[in-house]
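Colleague: Provided herewith: upload.pdb, PDB, C-alpha atoms, pLDDT in the B column.
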ATOM      1  CA  MET A  24      56.455-129.035-151.890  1.00 60.00           C
ATOM      2  CA  ASP A  25      54.126-130.406-154.560  1.00 68.00           C
ATOM      3  CA  LYS A  26      55.223-133.713-156.163  1.00 67.00           C
ATOM      4  CA  GLU A  27      55.124-132.106-159.607  1.00 70.00           C
ATOM      5  CA  GLN A  28      57.614-129.482-158.404  1.00 81.00           C
ATOM      6  CA  LEU A  29      60.182-131.933-156.966  1.00 92.00           C
ATOM      7  CA  ARG A  30      63.361-132.119-159.019  1.00 91.00           C
ATOM      8  CA  ASP A  31      66.049-134.807-159.137  1.00 91.00           C
ATOM      9  CA  LYS A  32      69.833-134.263-159.207  1.00 92.00           C
ATOM     10  CA  GLN A  33      69.647-133.467-162.922  1.00 90.00           C
ATOM     11  CA  GLY A  34      67.007-130.795-162.258  1.00 91.00           C
ATOM     12  CA  LEU A  35      64.159-132.797-163.823  1.00 91.00           C
ATOM     13  CA  THR A  36      60.613-133.120-162.559  1.00 92.00           C
ATOM     14  CA  GLU A  37      59.094-136.610-162.627  1.00 91.00           C
ATOM     15  CA  ILE A  38      57.141-135.772-165.786  1.00 91.00           C
ATOM     16  CA  GLU A  39      60.316-134.551-167.524  1.00 91.00           C
ATOM     17  CA  PHE A  40      62.262-137.599-166.328  1.00 91.00           C
ATOM     18  CA  LEU A  41      59.604-140.010-167.673  1.00 91.00           C
ATOM     19  CA  GLN A  42      59.473-138.200-171.026  1.00 93.00           C
ATOM     20  CA  LYS A  43      63.229-138.754-171.467  1.00 91.00           C
ATOM     21  CA  TYR A  44      63.384-142.227-169.907  1.00 91.00           C
ATOM     22  CA  ASP A  45      64.787-144.914-172.253  1.00 91.00           C
ATOM     23  CA  ALA A  46      63.368-148.324-171.285  1.00 87.00           C
ATOM     24  CA  SER A  47      65.767-150.022-173.709  1.00 88.00           C
ATOM     25  CA  MET A  48      68.661-149.248-171.331  1.00 90.00           C
ATOM     26  CA  TYR A  49      67.889-152.515-169.543  1.00 86.00           C
ATOM     27  CA  GLU A  50      67.358-155.898-171.134  1.00 85.00           C
ATOM     28  CA  ARG A  51      64.003-157.312-170.203  1.00 87.00           C
ATOM     29  CA  PRO A  52      63.738-160.917-169.103  1.00 92.00           C
ATOM     30  CA  SER A  53      60.637-162.886-169.975  1.00 96.00           C
ATOM     31  CA  VAL A  54      58.238-163.674-167.139  1.00 97.00           C
ATOM     32  CA  THR A  55      56.323-166.917-166.763  1.00 97.00           C
ATOM     33  CA  VAL A  56      53.954-168.487-164.268  1.00 98.00           C
ATOM     34  CA  ASP A  57      53.981-172.134-163.200  1.00 98.00           C
ATOM     35  CA  MET A  58      51.270-173.819-161.181  1.00 98.00           C
ATOM     36  CA  LEU A  59      51.541-176.611-158.630  1.00 98.00           C
ATOM     37  CA  ILE A  60      48.004-177.946-158.358  1.00 98.00           C
ATOM     38  CA  PHE A  61      47.621-180.580-155.642  1.00 98.00           C
ATOM     39  CA  THR A  62      44.752-182.838-154.715  1.00 97.00           C
ATOM     40  CA  VAL A  63      44.189-185.502-152.076  1.00 95.00           C
ATOM     41  CA  VAL A  64      42.384-188.672-153.123  1.00 92.00           C
ATOM     42  CA  ASP A  65      41.503-192.000-151.569  1.00 87.00           C
ATOM     43  CA  GLU A  66      43.787-194.853-152.570  1.00 81.00           C
ATOM     44  CA  GLU A  67      42.121-198.053-153.655  1.00 74.00           C
ATOM     45  CA  LYS A  68      40.916-200.051-150.665  1.00 66.00           C
ATOM     46  CA  GLU A  69      42.557-203.342-149.828  1.00 68.00           C
ATOM     47  CA  SER A  70      39.582-204.304-147.731  1.00 66.00           C
ATOM     48  CA  TYR A  71      36.079-202.913-147.601  1.00 70.00           C
ATOM     49  CA  ARG A  72      36.371-202.959-143.789  1.00 71.00           C
ATOM     50  CA  LYS A  73      39.221-200.434-143.658  1.00 74.00           C
ATOM     51  CA  LEU A  74      39.148-196.734-144.364  1.00 78.00           C
ATOM     52  CA  PRO A  75      41.119-195.906-147.510  1.00 80.00           C
ATOM     53  CA  LYS A  76      44.532-194.294-147.201  1.00 86.00           C
ATOM     54  CA  LYS A  77      44.954-190.838-148.662  1.00 90.00           C
ATOM     55  CA  SER A  78      47.251-190.043-151.563  1.00 92.00           C
ATOM     56  CA  LEU A  79      48.681-186.639-152.498  1.00 96.00           C
ATOM     57  CA  LYS A  80      48.704-185.969-156.242  1.00 97.00           C
ATOM     58  CA  LEU A  81      50.162-183.229-158.438  1.00 98.00           C
ATOM     59  CA  LEU A  82      48.763-182.147-161.809  1.00 98.00           C
ATOM     60  CA  MET A  83      51.272-182.161-164.678  1.00 97.00           C
ATOM     61  CA  VAL A  84      51.119-181.625-168.432  1.00 97.00           C
ATOM     62  CA  LYS A  85      53.036-183.368-171.192  1.00 96.00           C
ATOM     63  CA  ARG A  86      54.802-180.746-173.304  1.00 94.00           C
ATOM     64  CA  GLY A  87      53.651-180.749-176.913  1.00 92.00           C
ATOM     65  CA  VAL A  88      56.174-178.184-178.125  1.00 92.00           C
ATOM     66  CA  HIS A  89      59.884-177.435-177.890  1.00 90.00           C
ATOM     67  CA  PRO A  90      61.822-177.110-175.670  1.00 93.00           C
ATOM     68  CA  TYR A  91      61.486-180.350-173.735  1.00 93.00           C
ATOM     69  CA  ILE A  92      58.799-181.735-176.067  1.00 93.00           C
ATOM     70  CA  GLY A  93      57.305-184.963-174.709  1.00 95.00           C
ATOM     71  CA  GLN A  94      58.415-184.352-171.125  1.00 96.00           C
ATOM     72  CA  TRP A  95      56.106-183.882-168.158  1.00 97.00           C
ATOM     73  CA  ALA A  96      56.069-180.393-166.659  1.00 96.00           C
ATOM     74  CA  LEU A  97      54.058-178.116-164.431  1.00 97.00           C
ATOM     75  CA  PRO A  98      51.264-176.250-166.210  1.00 97.00           C
ATOM     76  CA  GLY A  99      52.388-172.728-167.019  1.00 96.00           C
ATOM     77  CA  GLY A 100      53.438-170.218-169.592  1.00 96.00           C
ATOM     78  CA  PHE A 101      54.428-166.683-170.451  1.00 96.00           C
ATOM     79  CA  VAL A 102      52.824-163.583-168.952  1.00 97.00           C
ATOM     80  CA  THR A 103      51.557-161.184-171.598  1.00 96.00           C
ATOM     81  CA  LYS A 104      52.293-157.490-171.405  1.00 94.00           C
ATOM     82  CA  ASP A 105      48.726-156.539-170.465  1.00 96.00           C
ATOM     83  CA  GLU A 106      47.959-159.011-167.682  1.00 97.00           C
ATOM     84  CA  SER A 107      48.882-159.456-164.044  1.00 98.00           C
ATOM     85  CA  LEU A 108      50.719-162.510-162.748  1.00 98.00           C
ATOM     86  CA  ASP A 109      47.490-163.778-161.177  1.00 98.00           C
ATOM     87  CA  GLU A 110      45.587-163.347-164.455  1.00 97.00           C
ATOM     88  CA  ALA A 111      48.317-165.177-166.365  1.00 98.00           C
ATOM     89  CA  ALA A 112      48.269-168.064-163.886  1.00 98.00           C
ATOM     90  CA  LEU A 113      44.498-168.477-164.217  1.00 97.00           C
ATOM     91  CA  ARG A 114      44.651-168.202-168.029  1.00 97.00           C
ATOM     92  CA  GLU A 115      47.475-170.712-168.420  1.00 97.00           C
ATOM     93  CA  LEU A 116      45.859-173.206-166.028  1.00 97.00           C
ATOM     94  CA  LYS A 117      42.592-172.991-167.968  1.00 97.00           C
ATOM     95  CA  THR A 118      44.129-173.275-171.448  1.00 96.00           C
ATOM     96  CA  GLU A 119      46.505-176.130-170.577  1.00 96.00           C
ATOM     97  CA  THR A 120      44.367-178.241-168.225  1.00 96.00           C
ATOM     98  CA  ASN A 121      40.739-177.040-168.482  1.00 96.00           C
ATOM     99  CA  ILE A 122      40.756-176.113-164.772  1.00 96.00           C
ATOM    100  CA  ASP A 123      39.028-172.822-164.062  1.00 94.00           C
ATOM    101  CA  ASN A 124      38.147-170.663-161.061  1.00 90.00           C
ATOM    102  CA  VAL A 125      40.749-172.043-158.663  1.00 95.00           C
ATOM    103  CA  TYR A 126      42.105-170.059-155.746  1.00 96.00           C
ATOM    104  CA  MET A 127      45.916-170.052-155.954  1.00 98.00           C
ATOM    105  CA  GLU A 128      48.604-168.536-153.759  1.00 97.00           C
ATOM    106  CA  GLN A 129      51.980-167.320-154.963  1.00 98.00           C
ATOM    107  CA  LEU A 130      54.604-169.747-153.761  1.00 97.00           C
ATOM    108  CA  TYR A 131      58.075-168.702-154.928  1.00 98.00           C
ATOM    109  CA  THR A 132      59.930-166.845-157.663  1.00 97.00           C
ATOM    110  CA  TRP A 133      62.555-168.727-159.676  1.00 97.00           C
ATOM    111  CA  GLY A 134      65.303-166.756-161.340  1.00 95.00           C
ATOM    112  CA  ASP A 135      68.369-168.840-162.197  1.00 95.00           C
ATOM    113  CA  VAL A 136      69.989-167.231-165.229  1.00 94.00           C
ATOM    114  CA  ASN A 137      70.079-170.305-167.490  1.00 92.00           C
ATOM    115  CA  ARG A 138      66.919-172.069-166.326  1.00 90.00           C
ATOM    116  CA  ASP A 139      65.249-171.855-169.754  1.00 93.00           C
ATOM    117  CA  PRO A 140      67.125-172.527-173.020  1.00 92.00           C
ATOM    118  CA  ARG A 141      65.012-169.998-174.972  1.00 92.00           C
ATOM    119  CA  THR A 142      65.864-166.792-173.138  1.00 93.00           C
ATOM    120  CA  ARG A 143      66.284-165.256-169.713  1.00 94.00           C
ATOM    121  CA  VAL A 144      63.117-166.239-167.824  1.00 96.00           C
ATOM    122  CA  ILE A 145      61.905-165.368-164.354  1.00 97.00           C
ATOM    123  CA  SER A 146      59.056-167.591-163.205  1.00 97.00           C
ATOM    124  CA  CYS A 147      56.546-166.988-160.457  1.00 98.00           C
ATOM    125  CA  SER A 148      55.091-170.221-159.112  1.00 98.00           C
ATOM    126  CA  TYR A 149      51.620-170.640-157.678  1.00 98.00           C
ATOM    127  CA  MET A 150      50.057-173.461-155.706  1.00 98.00           C
ATOM    128  CA  ALA A 151      46.574-174.680-154.912  1.00 98.00           C
ATOM    129  CA  LEU A 152      44.875-177.597-153.216  1.00 97.00           C
ATOM    130  CA  VAL A 153      41.743-178.621-155.123  1.00 97.00           C
ATOM    131  CA  ASP A 154      38.988-181.210-155.035  1.00 94.00           C
ATOM    132  CA  SER A 155      39.817-183.165-158.184  1.00 94.00           C
ATOM    133  CA  SER A 156      36.527-185.061-158.115  1.00 89.00           C
ATOM    134  CA  SER A 157      34.746-181.961-159.419  1.00 89.00           C
ATOM    135  CA  LEU A 158      37.274-181.208-162.180  1.00 92.00           C
ATOM    136  CA  GLU A 159      37.439-182.403-165.775  1.00 93.00           C
ATOM    137  CA  VAL A 160      41.146-182.278-166.573  1.00 94.00           C
ATOM    138  CA  MET A 161      41.860-182.074-170.322  1.00 91.00           C
ATOM    139  CA  ALA A 162      45.054-181.103-172.112  1.00 92.00           C
ATOM    140  CA  GLY A 163      44.873-178.027-174.301  1.00 88.00           C
ATOM    141  CA  ASP A 164      46.958-175.291-175.902  1.00 80.00           C
ATOM    142  CA  ASP A 165      50.566-176.535-176.144  1.00 84.00           C
ATOM    143  CA  ALA A 166      50.057-179.551-173.832  1.00 87.00           C
ATOM    144  CA  ASP A 167      49.637-183.033-175.323  1.00 92.00           C
ATOM    145  CA  ASP A 168      48.304-184.595-172.114  1.00 95.00           C
ATOM    146  CA  ALA A 169      47.363-183.622-168.553  1.00 95.00           C
ATOM    147  CA  ARG A 170      47.092-185.969-165.600  1.00 96.00           C
ATOM    148  CA  TRP A 171      47.554-186.438-161.881  1.00 97.00           C
ATOM    149  CA  PHE A 172      50.811-187.932-160.547  1.00 96.00           C
ATOM    150  CA  SER A 173      51.301-189.395-157.064  1.00 94.00           C
ATOM    151  CA  VAL A 174      53.677-187.453-154.857  1.00 94.00           C
ATOM    152  CA  ARG A 175      55.951-189.587-152.739  1.00 86.00           C
ATOM    153  CA  TYR A 176      58.468-188.525-150.133  1.00 79.00           C
TER     154      TYR A 176
END
Step by step, read the file and then write its structure as structure tokens.

Modeller:
Amino acid sequence: MDKEQLRDKQGLTEIEFLQKYDASMYERPSVTVDMLIFTVVDEEKESYRKLPKKSLKLLMVKRGVHPYIGQWALPGGFVTKDESLDEAALRELKTETNIDNVYMEQLYTWGDVNRDPRTRVISCSYMALVDSSSLEVMAGDDADDARWFSVRY
């Protein structure tokens, strides 16, 4: 049977169902992307005779707007209605940190109900390992500052 001829339990074809569908039946949460951008750098040498130790660093931005103004956070922001998650991640990374053309992988989706005081937000996180020596990190958009922080465990 042709897809256009298939009918659901109410006797509707897919076209008829979509014409009657009311998207306002379900509240829509906001969707954001957050990026964990890592780099590995040489620590300062204690002696010129020894190889430098390596240090893992994470890029963070200082929030310039509410909520959490003045606090350090991962670069990120809201996904617009006409872009994919990947496009939003690249756009937000560029506008907040000046980093462009970075290959990122999706890491995890965060969905705790009260994780953002503004509204219900689901966030998709991305991660990348980059060579920071070739990047010019600069804060932009709603970030007051952007810099690398050492990761310790």

Colleague: From the list A:Ser148, A:Asn124, A:Thr118, A:Gln28, which residue is nearest A:Val56 when using all atoms listed in the file?

Modeller: A:Ser148

Colleague: Leaving out A:Asp109 and any residue of its chain fewer than 4 positions from it, which residues lie within 10 Å of it when counting all atoms listed in the file, given as a compact mmCIF listing (two decimals) with C-alpha atoms, in the frame of the given file?

Modeller:
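The result, written out as result24.txt:
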# COMPACT_ATOMS: atom_id res chain seq x y z
CA VAL A 56 53.95 -168.49 -164.27
CA VAL A 102 52.82 -163.58 -168.95
CA LEU A 113 44.50 -168.48 -164.22
CA ARG A 114 44.65 -168.20 -168.03
CA TYR A 126 42.10 -170.06 -155.75
CA MET A 127 45.92 -170.05 -155.95
CA GLU A 128 48.60 -168.54 -153.76
CA GLN A 129 51.98 -167.32 -154.96
CA CYS A 147 56.55 -166.99 -160.46
CA TYR A 149 51.62 -170.64 -157.68

Colleague: List the neighbours of A:Lys117 out to 10 Å using all atoms listed in the file; skip same-chain residues closer than 3 positions along the sequence, and give me the result as a PyMOL selection string.

Modeller: chain A and resi 98-99+111-114+120-125+160-164

Colleague: Of the residues A:Glu159, A:Asp154, A:Glu27, A:Asp168, which is the one nearest to A:Ile60, using only C-alpha atoms?

Modeller: A:Asp154

Colleague: Pick out the residues sitting within 9 Å of A:Thr142, and hand them over as a list in words; count all atoms listed in the file, and ignore anything fewer than 6 positions along from it in its own chain.

Modeller: Pro52, Ser53 and Val136 of chain A

Colleague: Taking into account all atoms listed in the file, which residue in the set A:Ile38, A:Leu81, A:Val54, A:Val64 is nearest to A:Arg143?

Modeller: A:Val54

Colleague: Might you pull out every residue within 12 Å of A:Asp167, with all atoms listed in the file counted and same-chain residues fewer than 5 positions away left off, and present them as a PyMOL selection string?

Modeller: chain A and resi 83-89+92-96+98+118-120+161-162

Colleague: Let me make sure I understand: among A:Ser107, A:Tyr71, A:Leu152, A:Pro90, which one has the smallest atom-to-atom distance to A:Asp165 if we use all atoms listed in the file?

Modeller: A:Pro90

Colleague: Grab the atom CA of A:Gly100 to atom CA of A:Glu115 distance for me, in Å with one decimal place.

Modeller: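 So the two atoms, atom CA of A:Gly100 and atom CA of A:Glu115, lie 6.1 Å apart.
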
Colleague: What is the atom CA of A:Met150 to atom CA of A:Val174 distance in Å?

Modeller: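 Between atom CA of A:Met150 and atom CA of A:Val174 the gap works out to 14.5 Å.
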
Colleague: Would you mind reading off the distance between atom CA of A:Trp133 and atom CA of A:Tyr44, one decimal, in Å?

Modeller: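 About the pair atom CA of A:Trp133 and atom CA of A:Tyr44: they are 28.4 Å apart.
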
Colleague: Which residues, protein or nucleic acid, reach to within 8 Å of (47.8, -186.8, -155.7) in the file's coordinates when using only C-alpha atoms, and can you give that as an MDAnalysis selection string?

Modeller: chainID A and resid 61:64 78:82 171:174
